[in-house]
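Chemist: One file: input-v8.tsv (TSV, C-alpha atoms).
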chain	number	residue	atom	x	y	z
A	1	MET	CA	-111.62	-130.07	79.48
A	2	PHE	CA	-112.78	-126.47	79.15
A	3	ILE	CA	-116.44	-126.18	78.08
A	4	VAL	CA	-118.04	-122.81	77.33
A	5	LYS	CA	-121.75	-122.23	76.82
A	6	VAL	CA	-122.40	-119.64	74.09
A	7	PRO	CA	-126.19	-119.10	74.05
A	8	GLY	CA	-126.21	-116.77	71.05
A	9	ILE	CA	-128.85	-116.76	68.32
A	10	ASN	CA	-129.14	-114.65	65.18
A	11	GLY	CA	-131.33	-116.78	62.98
A	12	LEU	CA	-133.96	-114.31	61.80
A	13	GLY	CA	-136.36	-115.70	64.38
A	14	LYS	CA	-135.96	-119.29	63.14
A	15	THR	CA	-133.54	-120.56	65.78
A	16	LYS	CA	-135.26	-119.57	69.01
A	17	GLY	CA	-134.62	-122.37	71.49
A	18	CYS	CA	-131.02	-123.03	70.44
A	19	GLU	CA	-129.84	-120.68	73.19
A	20	ARG	CA	-130.96	-123.26	75.77
A	21	ALA	CA	-129.12	-126.20	74.23
A	22	GLY	CA	-125.95	-125.87	76.30
A	23	ASN	CA	-127.74	-126.34	79.60
A	24	ALA	CA	-129.84	-129.19	78.19
A	25	ILE	CA	-126.78	-131.03	76.83
A	26	LEU	CA	-124.92	-130.73	80.11
A	27	ALA	CA	-127.97	-131.95	82.03
A	28	GLU	CA	-128.16	-135.01	79.76
A	29	LEU	CA	-124.42	-135.61	80.14
A	30	LYS	CA	-125.16	-136.67	83.72
A	31	ASN	CA	-126.79	-139.78	82.29
A	32	ILE	CA	-123.69	-140.82	80.35
A	33	PHE	CA	-121.40	-142.77	82.65
A	34	THR	CA	-118.59	-143.49	80.18
A	35	ASN	CA	-117.82	-142.51	76.60
A	36	SER	CA	-117.11	-144.96	73.77
A	37	GLN	CA	-113.48	-145.21	74.86
A	38	GLY	CA	-114.51	-146.31	78.35
A	39	LYS	CA	-113.50	-143.02	79.95
A	40	LYS	CA	-115.59	-142.07	82.97
A	41	ILE	CA	-117.66	-138.92	82.56
A	42	GLU	CA	-117.40	-136.81	85.70
A	43	LEU	CA	-119.48	-133.69	85.13
A	44	GLU	CA	-118.49	-132.14	88.46
A	45	LYS	CA	-114.83	-132.13	87.40
A	46	LEU	CA	-115.39	-130.32	84.11
A	47	ASP	CA	-114.23	-126.73	83.73
A	48	LEU	CA	-117.48	-124.96	82.79
A	49	GLU	CA	-118.11	-121.36	81.85
A	50	GLU	CA	-120.79	-119.35	80.07
A	51	ILE	CA	-120.55	-116.21	77.99
A	52	HIS	CA	-123.59	-114.24	79.18
A	53	LEU	CA	-125.22	-112.68	76.15
A	54	ASP	CA	-128.04	-110.34	75.21
A	55	ASN	CA	-129.47	-111.63	71.94
A	56	TYR	CA	-131.33	-108.36	71.44
A	57	ASN	CA	-128.01	-106.52	71.25
A	58	LEU	CA	-126.04	-108.18	68.46
A	59	GLU	CA	-123.16	-105.73	68.64
A	60	LEU	CA	-122.58	-106.49	72.30
A	61	THR	CA	-123.16	-110.22	71.78
A	62	ASN	CA	-120.57	-110.50	69.01
A	63	ARG	CA	-118.05	-108.43	70.93
A	64	LEU	CA	-118.44	-110.55	74.07
A	65	ILE	CA	-118.10	-113.80	72.13
A	66	TYR	CA	-115.00	-112.56	70.33
A	67	GLU	CA	-113.26	-111.16	73.44
A	68	ASN	CA	-114.00	-114.15	75.66
A	69	ALA	CA	-112.98	-116.64	72.99
A	70	PHE	CA	-109.77	-114.77	72.16
A	71	GLU	CA	-108.67	-114.84	75.80
A	72	SER	CA	-109.64	-118.49	76.16
A	73	TYR	CA	-107.55	-119.56	73.17
A	74	LYS	CA	-104.49	-118.08	74.83
A	75	ALA	CA	-105.19	-119.71	78.20
A	76	LYS	CA	-106.59	-123.15	77.34
A	77	PRO	CA	-105.13	-125.91	75.16
A	78	LYS	CA	-108.53	-127.17	73.99
A	79	ILE	CA	-112.02	-125.67	74.18
A	80	ILE	CA	-115.53	-126.96	73.45
A	81	PHE	CA	-118.17	-124.30	72.75
A	82	LEU	CA	-121.85	-125.20	73.11
A	83	GLY	CA	-124.17	-122.97	71.08
A	84	GLY	CA	-126.43	-121.39	70.21
A	85	ASP	CA	-127.11	-121.31	66.53
A	86	HIS	CA	-124.40	-121.21	63.88
A	87	SER	CA	-124.13	-117.41	63.97
A	88	VAL	CA	-121.94	-117.75	67.10
A	89	SER	CA	-119.26	-119.44	64.98
A	90	TYR	CA	-118.56	-116.18	63.18
A	91	SER	CA	-117.04	-114.44	66.21
A	92	LEU	CA	-115.60	-117.67	67.65
A	93	THR	CA	-113.66	-118.42	64.48
A	94	ARG	CA	-112.61	-114.81	63.90
A	95	ALA	CA	-111.08	-114.83	67.37
A	96	PHE	CA	-109.44	-118.19	66.64
A	97	PHE	CA	-107.84	-116.88	63.44
A	98	ASP	CA	-106.59	-113.74	65.17
A	99	SER	CA	-105.22	-115.74	68.10
A	100	CYS	CA	-103.35	-118.10	65.77
A	101	ASP	CA	-102.07	-115.17	63.73
A	102	ASP	CA	-100.73	-113.49	66.89
A	103	SER	CA	-98.92	-116.71	67.78
A	104	GLY	CA	-97.42	-117.14	64.32
A	105	LYS	CA	-99.51	-120.26	63.67
A	106	GLU	CA	-101.72	-121.18	60.73
A	107	ALA	CA	-105.42	-121.69	61.43
A	108	CYS	CA	-107.71	-124.06	59.57
A	109	LEU	CA	-111.43	-124.69	59.83
A	110	ILE	CA	-113.41	-127.87	59.21
A	111	VAL	CA	-117.18	-127.42	59.14
A	112	PHE	CA	-119.67	-130.29	59.40
A	113	ASP	CA	-122.92	-128.92	58.00
A	114	ALA	CA	-125.76	-129.82	55.65
A	115	HIS	CA	-125.59	-126.26	54.27
A	116	PRO	CA	-122.68	-124.00	53.26
A	117	ASP	CA	-123.95	-120.99	55.28
A	118	CYS	CA	-122.67	-118.63	52.58
A	119	MET	CA	-125.82	-116.68	51.77
A	120	LYS	CA	-125.56	-112.99	50.89
A	121	PRO	CA	-125.69	-110.92	54.09
A	122	VAL	CA	-128.90	-109.51	55.50
A	123	ASP	CA	-126.90	-107.19	57.76
A	124	ASN	CA	-123.28	-106.56	56.84
A	125	LYS	CA	-122.33	-106.06	60.51
A	126	PHE	CA	-123.52	-109.26	62.15
A	127	PRO	CA	-123.86	-112.43	60.03
A	128	THR	CA	-126.81	-114.70	60.71
A	129	HIS	CA	-126.59	-118.48	60.99
A	130	GLU	CA	-127.12	-118.70	57.20
A	131	GLU	CA	-124.20	-116.46	56.23
A	132	TRP	CA	-121.57	-116.65	58.97
A	133	LEU	CA	-119.04	-118.56	56.85
A	134	ARG	CA	-119.29	-116.09	53.99
A	135	GLY	CA	-118.72	-113.26	56.47
A	136	LEU	CA	-115.67	-115.03	57.85
A	137	VAL	CA	-114.11	-115.44	54.39
A	138	GLU	CA	-114.88	-111.85	53.46
A	139	ASP	CA	-113.19	-110.78	56.71
A	140	GLY	CA	-109.97	-112.48	55.67
A	141	PHE	CA	-110.01	-116.07	56.92
A	142	PRO	CA	-108.06	-117.90	54.18
A	143	ALA	CA	-110.55	-119.83	52.05
A	144	LYS	CA	-107.89	-122.43	51.20
A	145	ASN	CA	-107.88	-123.41	54.87
A	146	ILE	CA	-111.63	-124.11	55.02
A	147	LEU	CA	-113.14	-127.54	54.41
A	148	LEU	CA	-116.90	-128.14	54.30
A	149	VAL	CA	-118.08	-131.66	55.11
A	150	GLY	CA	-121.51	-133.21	54.60
A	151	VAL	CA	-123.06	-130.44	52.51
A	152	ARG	CA	-126.20	-131.64	50.71
A	153	ASN	CA	-128.42	-128.59	50.14
A	154	SER	CA	-126.86	-125.42	48.72
A	155	ASP	CA	-128.41	-122.28	47.30
A	156	ILE	CA	-127.21	-121.30	43.81
A	157	GLN	CA	-125.62	-118.11	45.13
A	158	GLU	CA	-123.79	-120.13	47.78
A	159	LEU	CA	-122.40	-122.49	45.15
A	160	ALA	CA	-121.16	-119.51	43.16
A	161	PHE	CA	-119.44	-118.10	46.26
A	162	LEU	CA	-117.82	-121.46	47.05
A	163	ARG	CA	-116.52	-121.82	43.48
A	164	GLU	CA	-115.29	-118.24	43.36
A	165	ASN	CA	-113.34	-118.69	46.58
A	166	LYS	CA	-112.25	-122.26	45.82
A	167	ILE	CA	-113.55	-123.57	49.13
A	168	ARG	CA	-113.10	-127.29	49.33
A	169	ILE	CA	-116.12	-129.54	49.92
A	170	ILE	CA	-116.58	-133.18	50.86
A	171	SER	CA	-120.18	-133.89	49.91
A	172	MET	CA	-122.31	-136.35	51.83
A	173	SER	CA	-122.02	-138.94	49.06
A	174	GLN	CA	-118.23	-138.56	49.02
A	175	LEU	CA	-118.06	-138.78	52.80
A	176	LEU	CA	-119.97	-142.05	52.90
A	177	GLU	CA	-118.15	-143.75	50.03
A	178	ASP	CA	-115.43	-144.62	52.52
A	179	LEU	CA	-115.65	-143.13	55.99
A	180	ASN	CA	-112.13	-144.18	56.90
A	181	ASP	CA	-110.65	-142.57	53.78
A	182	SER	CA	-112.66	-139.42	54.50
A	183	CYS	CA	-111.07	-139.24	57.95
A	184	GLU	CA	-107.64	-139.51	56.37
A	185	ILE	CA	-108.51	-136.59	54.08
A	186	LEU	CA	-109.57	-134.50	57.10
A	187	MET	CA	-106.32	-135.26	58.91
A	188	GLU	CA	-104.21	-134.46	55.87
A	189	PHE	CA	-106.09	-131.20	55.35
A	190	ALA	CA	-105.41	-130.07	58.94
A	191	ASN	CA	-101.83	-131.29	59.07
A	192	ASN	CA	-99.39	-128.72	60.50
A	193	LYS	CA	-102.21	-126.27	61.25
A	194	GLU	CA	-104.22	-125.31	64.31
A	195	LEU	CA	-107.64	-126.92	63.87
A	196	TYR	CA	-111.07	-125.50	64.68
A	197	LEU	CA	-114.02	-127.87	64.16
A	198	SER	CA	-117.52	-126.46	63.76
A	199	LEU	CA	-120.31	-129.02	64.05
A	200	ASP	CA	-123.84	-128.16	62.95
A	201	ILE	CA	-126.07	-130.97	64.19
A	202	ASP	CA	-127.98	-130.94	60.89
A	203	VAL	CA	-125.07	-132.79	59.28
A	204	VAL	CA	-126.71	-135.78	61.00
A	205	ASP	CA	-129.81	-137.25	59.38
A	206	PRO	CA	-133.03	-136.01	61.03
A	207	ALA	CA	-133.93	-139.61	61.83
A	208	PHE	CA	-131.22	-139.36	64.50
A	209	ALA	CA	-131.26	-135.59	65.21
A	210	PRO	CA	-134.64	-134.11	64.29
A	211	SER	CA	-134.59	-131.05	66.55
A	212	THR	CA	-132.80	-128.46	64.47
A	213	GLY	CA	-133.87	-125.48	62.38
A	214	TYR	CA	-133.26	-126.90	58.91
A	215	PRO	CA	-133.34	-130.72	59.00
A	216	GLU	CA	-132.05	-132.27	55.77
A	217	PRO	CA	-132.76	-135.91	54.87
A	218	GLY	CA	-129.84	-137.97	53.65
A	219	GLY	CA	-127.39	-137.18	56.43
A	220	ILE	CA	-125.02	-139.38	58.38
A	221	SER	CA	-126.13	-141.62	61.22
A	222	SER	CA	-125.47	-141.05	64.91
A	223	ARG	CA	-122.97	-143.93	64.84
A	224	GLU	CA	-121.11	-142.35	61.92
A	225	ILE	CA	-120.85	-138.90	63.52
A	226	LEU	CA	-119.50	-140.48	66.70
A	227	TYR	CA	-116.89	-142.38	64.68
A	228	LEU	CA	-115.83	-139.18	62.91
A	229	ILE	CA	-115.60	-137.32	66.22
A	230	GLN	CA	-113.51	-140.10	67.77
A	231	ARG	CA	-111.05	-139.94	64.89
A	232	ILE	CA	-110.83	-136.14	64.88
A	233	ASN	CA	-110.43	-136.00	68.66
A	234	LYS	CA	-107.20	-137.97	68.34
A	235	MET	CA	-105.62	-135.12	66.37
A	236	LYS	CA	-103.14	-133.33	68.60
A	237	ASN	CA	-103.69	-130.06	66.74
A	238	LEU	CA	-107.42	-129.90	67.54
A	239	ARG	CA	-107.73	-126.68	69.52
A	240	ALA	CA	-111.40	-125.74	69.48
A	241	VAL	CA	-114.81	-127.21	68.70
A	242	ASP	CA	-118.26	-125.71	68.53
A	243	MET	CA	-121.51	-127.66	68.46
A	244	VAL	CA	-124.50	-125.65	67.28
A	245	GLU	CA	-128.09	-125.64	65.99
A	246	ILE	CA	-129.53	-128.08	68.55
A	247	ASN	CA	-132.98	-126.73	69.41
A	248	SER	CA	-134.03	-127.99	72.80
A	249	GLU	CA	-137.49	-126.41	72.50
A	250	LYS	CA	-138.31	-128.69	69.56
A	251	ASP	CA	-136.79	-131.82	71.10
A	252	ALA	CA	-139.96	-133.60	72.26
A	253	THR	CA	-138.28	-137.00	72.36
A	254	GLY	CA	-134.96	-135.73	73.73
A	255	LEU	CA	-133.16	-137.62	70.96
A	256	THR	CA	-131.17	-134.66	69.63
A	257	ILE	CA	-130.06	-133.51	73.07
A	258	LYS	CA	-129.01	-137.08	73.88
A	259	LEU	CA	-126.88	-137.19	70.73
A	260	GLY	CA	-125.38	-133.81	71.58
A	261	ALA	CA	-124.41	-135.15	75.00
A	262	LYS	CA	-122.92	-138.30	73.44
A	263	ILE	CA	-120.85	-136.17	71.07
A	264	LEU	CA	-119.67	-133.96	73.91
A	265	GLY	CA	-118.75	-137.07	75.90
A	266	GLU	CA	-116.43	-138.22	73.10
A	267	PHE	CA	-114.39	-135.02	73.41
A	268	ILE	CA	-113.92	-135.41	77.15
How would this structure read if it were set down as structure tokens?
Modeler:
Amino acid sequence: MFIVKVPGINGLGKTKGCERAGNAILAELKNIFTNSQGKKIELEKLDLEEIHLDNYNLELTNRLIYENAFESYKAKPKIIFLGGDHSVSYSLTRAFFDSCDDSGKEACLIVFDAHPDCMKPVDNKFPTHEEWLRGLVEDGFPAKNILLVGVRNSDIQELAFLRENKIRIISMSQLLEDLNDSCEILMEFANNKELYLSLDIDVVDPAFAPSTGYPEPGGISSREILYLIQRINKMKNLRAVDMVEINSEKDATGLTIKLGAKILGEFI
């Protein structure tokens, strides 16, 4: 398993601390002996790398993320990226789309998030964590190949953008009506495509993952996110995953970091 730390933040000052999440999650992973499938977790055998970033230089940061990710997609069958806030997903997914396009394959993106992240841009060059998905669509990622899951708090302008671009959504209420059926929808959506999964920890209810920038009540439980991850991880076309918006500086109880480590363990 190839794991890459991407300690990037561009959250208008609201996500400071997320850049340390990768190290904190990996440190907690040492305390997980086996995942839910009974597979032994051997941290020393994992293939670990870090993209060294300067969060005061967004141009350099985005270029480094894009270039490193693009090369990794060509060399590795499956990659887990540990953010960082959700702004890192902009360059990670752009590189994924370009890599798939170069290989003659179709890319698709499933995003687990309480928010659509489609706000109007503050800076047209480098999308923040609130607008990265909008920037990706405007850069040419096919909107028909994007599925948002767990959204439960959207700005009016975001809803207009989603409708205009016909981006498909599974709301939190729809997701929980029948979790098994929801998994089948995800698999059908990604069928015959190369899949990138972006996981914002705020899709989980703050009772289980409180340490994030924009906690939203009414999310899924830790047990439910692990079930979803287990199902998705069985998909042979899953090529890349990012896990973002865990803020280790706010995690007084360690609960969110522990959940992040549990999620990571399911992918191993």
Chemist: Contacts between segment 224-243 of chain A and segment 85-166 of chain A, please, where a residue of segment 85-166 of chain A counts if it comes within 12 Å (with only C-alpha atoms); show its shortest atom pair and distance in Å to one decimal, rows by chain and ascending number, as a tab-separated table.
Modeler:
residue	atom	partner	partner_atom	distance
A:Asp85	CA	A:Met243	CA	8.7
A:His86	CA	A:Met243	CA	8.4
A:Ser87	CA	A:Asp242	CA	11.1
A:Val88	CA	A:Asp242	CA	8.9
A:Ser89	CA	A:Asp242	CA	7.3
A:Tyr90	CA	A:Asp242	CA	10.9
A:Ser91	CA	A:Asp242	CA	11.6
A:Leu92	CA	A:Asp242	CA	8.5
A:Thr93	CA	A:Ala240	CA	9.1
A:Ala95	CA	A:Ala240	CA	11.1
A:Phe96	CA	A:Ala240	CA	8.3
A:Phe97	CA	A:Ala240	CA	11.3
A:Ser99	CA	A:Arg239	CA	11.3
A:Cys100	CA	A:Arg239	CA	10.3
A:Lys105	CA	A:Asn237	CA	11.1
A:Glu106	CA	A:Asn237	CA	10.9
A:Ala107	CA	A:Arg239	CA	9.8
A:Cys108	CA	A:Leu238	CA	9.9
A:Leu109	CA	A:Ala240	CA	9.7
A:Ile110	CA	A:Val241	CA	9.6
A:Val111	CA	A:Asp242	CA	9.6
A:Phe112	CA	A:Met243	CA	9.6
A:Asp113	CA	A:Met243	CA	10.6
A:Val149	CA	A:Leu228	CA	11.1
A:Gly150	CA	A:Ile225	CA	10.6
Chemist: For Ser72 of chain A, which residue among A:Ile268, A:Gly84, A:Glu28, A:Val4 is the nearest when counting all atoms listed in the file?
Modeler: A:Val4
Chemist: Would you work out the distance separating atom CA of Gln157 of chain A from atom CA of Ser198 of chain A, expressed in Å to one decimal?
Modeler: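 Interatomic distance, atom CA of Gln157 of chain A to atom CA of Ser198 of chain A: 22.0 Å.
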Chemist: So which one's closest to Met1 of chain A, A:Lys262, A:His115, A:Arg94, A:Lys76? Using all atoms listed in the file, please.
Modeler: A:Lys76
Chemist: Which is closest to His129 of chain A among A:Ala114, A:Ile9, A:Ile41, A:Leu148, if we use all atoms listed in the file?
Modeler: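 Result for the nearest residue to His129 of chain A: A:Ile9.
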Chemist: My list of candidates is A:Leu82, A:Asn10, A:Asn145, A:Ala24. Which is closest to Gly254 of chain A when distances are computed with all atoms listed in the file?
Modeler: A:Ala24
Chemist: Between atom CA of Ser222 of chain A and atom CA of Asn31 of chain A, what is the spacing in Å?
Modeler: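 Answer for the atom CA of Asn31 of chain A to atom CA of Ser222 of chain A separation: 17.5 Å.
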Chemist: Between atom CA of Ile25 of chain A and atom CA of Tyr56 of chain A, what distance in Å does the model show, to one decimal?
Modeler: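 Calculated distance between atom CA of Ile25 of chain A and atom CA of Tyr56 of chain A is 23.7 Å.
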Chemist: Using all atoms listed in the file, which of the listed residues (A:Glu67, A:Glu249, A:Glu49, A:Asp102) sits closest to Lys16 of chain A?
Modeler: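 Nearest to Lys16 of chain A: A:Glu249.
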Chemist: Tell me which of A:Ile185, A:Ala75, A:Ile167, A:Leu159 sits closest to Ala143 of chain A, counting only C-alpha atoms.
Modeler: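 The closest residue to Ala143 of chain A is A:Ile167.
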Chemist: Name all residues at most 12 Å from Ala160 of chain A (count all atoms listed in the file; drop same-chain ones fewer than 3 positions away) and give them as a PyMOL selection string.
Modeler: chain A and resi 116+118-120+134+154-157+163-167
Chemist: So which residues fall inside 12 Å of (-120.4, -113.6, 81.4) if we count all atoms listed in the file? Mind giving them as a PyMOL selection string?
Modeler: chain A and resi 4-7+48-54+60-61+63-65+67-69
Chemist: Box in all listed atoms of segment 72-88 of chain A, axis-aligned, with 4 Å more on each side; write out centre and edge lengths in Å to one decimal as AutoDock Vina command-line options.
Modeler:
--center_x -115.8 --center_y -122.3 --center_z 71.0 --size_x 30.6 --size_y 17.8 --size_z 22.3
Chemist: Do a neighbour search on segment 207-209 of chain A at 10 Å with all atoms listed in the file, toss out local chain neighbours closer than 4 positions, and write the hits as a PyMOL selection string.
Modeler: chain A and resi 201-203+215-223+246-247+251+254-260
Chemist: Missing atoms in segment 205-226 of chain A: fill them in up to N, CA, C and O atoms and send the result as a CSV table (one decimal), in the coordinates of the input.
Modeler:
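Full text of out-v3.csv as output:
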chain,number,residue,atom,x,y,z
A,205,ASP,N,-128.5,-137.0,59.9
A,205,ASP,CA,-129.8,-137.2,59.4
A,205,ASP,C,-130.9,-137.0,60.4
A,205,ASP,O,-130.7,-137.3,61.6
A,206,PRO,N,-132.0,-136.3,60.0
A,206,PRO,CA,-133.0,-136.0,61.0
A,206,PRO,C,-133.7,-137.2,61.7
A,206,PRO,O,-134.4,-137.1,62.7
A,207,ALA,N,-133.5,-138.4,61.1
A,207,ALA,CA,-133.9,-139.6,61.8
A,207,ALA,C,-133.2,-139.8,63.2
A,207,ALA,O,-133.8,-140.4,64.1
A,208,PHE,N,-132.0,-139.2,63.3
A,208,PHE,CA,-131.2,-139.4,64.5
A,208,PHE,C,-131.1,-138.0,65.3
A,208,PHE,O,-130.8,-138.1,66.5
A,209,ALA,N,-131.3,-136.9,64.6
A,209,ALA,CA,-131.3,-135.6,65.2
A,209,ALA,C,-132.3,-134.7,64.6
A,209,ALA,O,-132.0,-133.8,63.8
A,210,PRO,N,-133.6,-134.9,64.9
A,210,PRO,CA,-134.6,-134.1,64.3
A,210,PRO,C,-134.8,-132.7,64.8
A,210,PRO,O,-135.3,-131.8,64.0
A,211,SER,N,-134.3,-132.3,65.9
A,211,SER,CA,-134.6,-131.0,66.6
A,211,SER,C,-133.6,-130.0,66.2
A,211,SER,O,-132.7,-129.6,67.0
A,212,THR,N,-133.7,-129.5,65.0
A,212,THR,CA,-132.8,-128.5,64.5
A,212,THR,C,-133.6,-127.6,63.5
A,212,THR,O,-134.7,-128.0,63.0
A,213,GLY,N,-133.1,-126.4,63.2
A,213,GLY,CA,-133.9,-125.5,62.4
A,213,GLY,C,-134.1,-125.9,61.0
A,213,GLY,O,-135.2,-125.7,60.4
A,214,TYR,N,-133.1,-126.5,60.3
A,214,TYR,CA,-133.3,-126.9,58.9
A,214,TYR,C,-132.9,-128.4,58.7
A,214,TYR,O,-131.8,-128.7,58.2
A,215,PRO,N,-133.7,-129.3,59.2
A,215,PRO,CA,-133.3,-130.7,59.0
A,215,PRO,C,-133.3,-131.1,57.5
A,215,PRO,O,-134.2,-130.7,56.7
A,216,GLU,N,-132.3,-131.8,57.2
A,216,GLU,CA,-132.0,-132.3,55.8
A,216,GLU,C,-131.9,-133.8,55.7
A,216,GLU,O,-131.0,-134.4,56.2
A,217,PRO,N,-132.9,-134.5,55.0
A,217,PRO,CA,-132.8,-135.9,54.9
A,217,PRO,C,-131.5,-136.3,54.1
A,217,PRO,O,-130.9,-135.5,53.3
A,218,GLY,N,-131.0,-137.5,54.4
A,218,GLY,CA,-129.8,-138.0,53.6
A,218,GLY,C,-128.5,-137.7,54.4
A,218,GLY,O,-127.5,-137.7,53.8
A,219,GLY,N,-128.6,-137.5,55.7
A,219,GLY,CA,-127.4,-137.2,56.4
A,219,GLY,C,-126.8,-138.4,57.0
A,219,GLY,O,-127.2,-139.6,56.7
A,220,ILE,N,-125.7,-138.2,57.8
A,220,ILE,CA,-125.0,-139.4,58.4
A,220,ILE,C,-125.8,-139.9,59.6
A,220,ILE,O,-126.6,-139.2,60.2
A,221,SER,N,-125.5,-141.0,60.0
A,221,SER,CA,-126.1,-141.6,61.2
A,221,SER,C,-125.5,-141.1,62.5
A,221,SER,O,-124.4,-140.6,62.5
A,222,SER,N,-126.1,-141.4,63.6
A,222,SER,CA,-125.5,-141.0,64.9
A,222,SER,C,-124.2,-141.9,65.1
A,222,SER,O,-123.2,-141.3,65.7
A,223,ARG,N,-124.2,-143.1,64.7
A,223,ARG,CA,-123.0,-143.9,64.8
A,223,ARG,C,-121.8,-143.4,64.0
A,223,ARG,O,-120.7,-143.3,64.5
A,224,GLU,N,-122.1,-142.9,62.8
A,224,GLU,CA,-121.1,-142.4,61.9
A,224,GLU,C,-120.5,-141.0,62.4
A,224,GLU,O,-119.3,-140.8,62.4
A,225,ILE,N,-121.4,-140.2,63.0
A,225,ILE,CA,-120.8,-138.9,63.5
A,225,ILE,C,-120.0,-139.2,64.7
A,225,ILE,O,-118.9,-138.6,64.9
A,226,LEU,N,-120.3,-140.2,65.5
A,226,LEU,CA,-119.5,-140.5,66.7
A,226,LEU,C,-118.2,-141.0,66.3
A,226,LEU,O,-117.1,-140.7,66.8
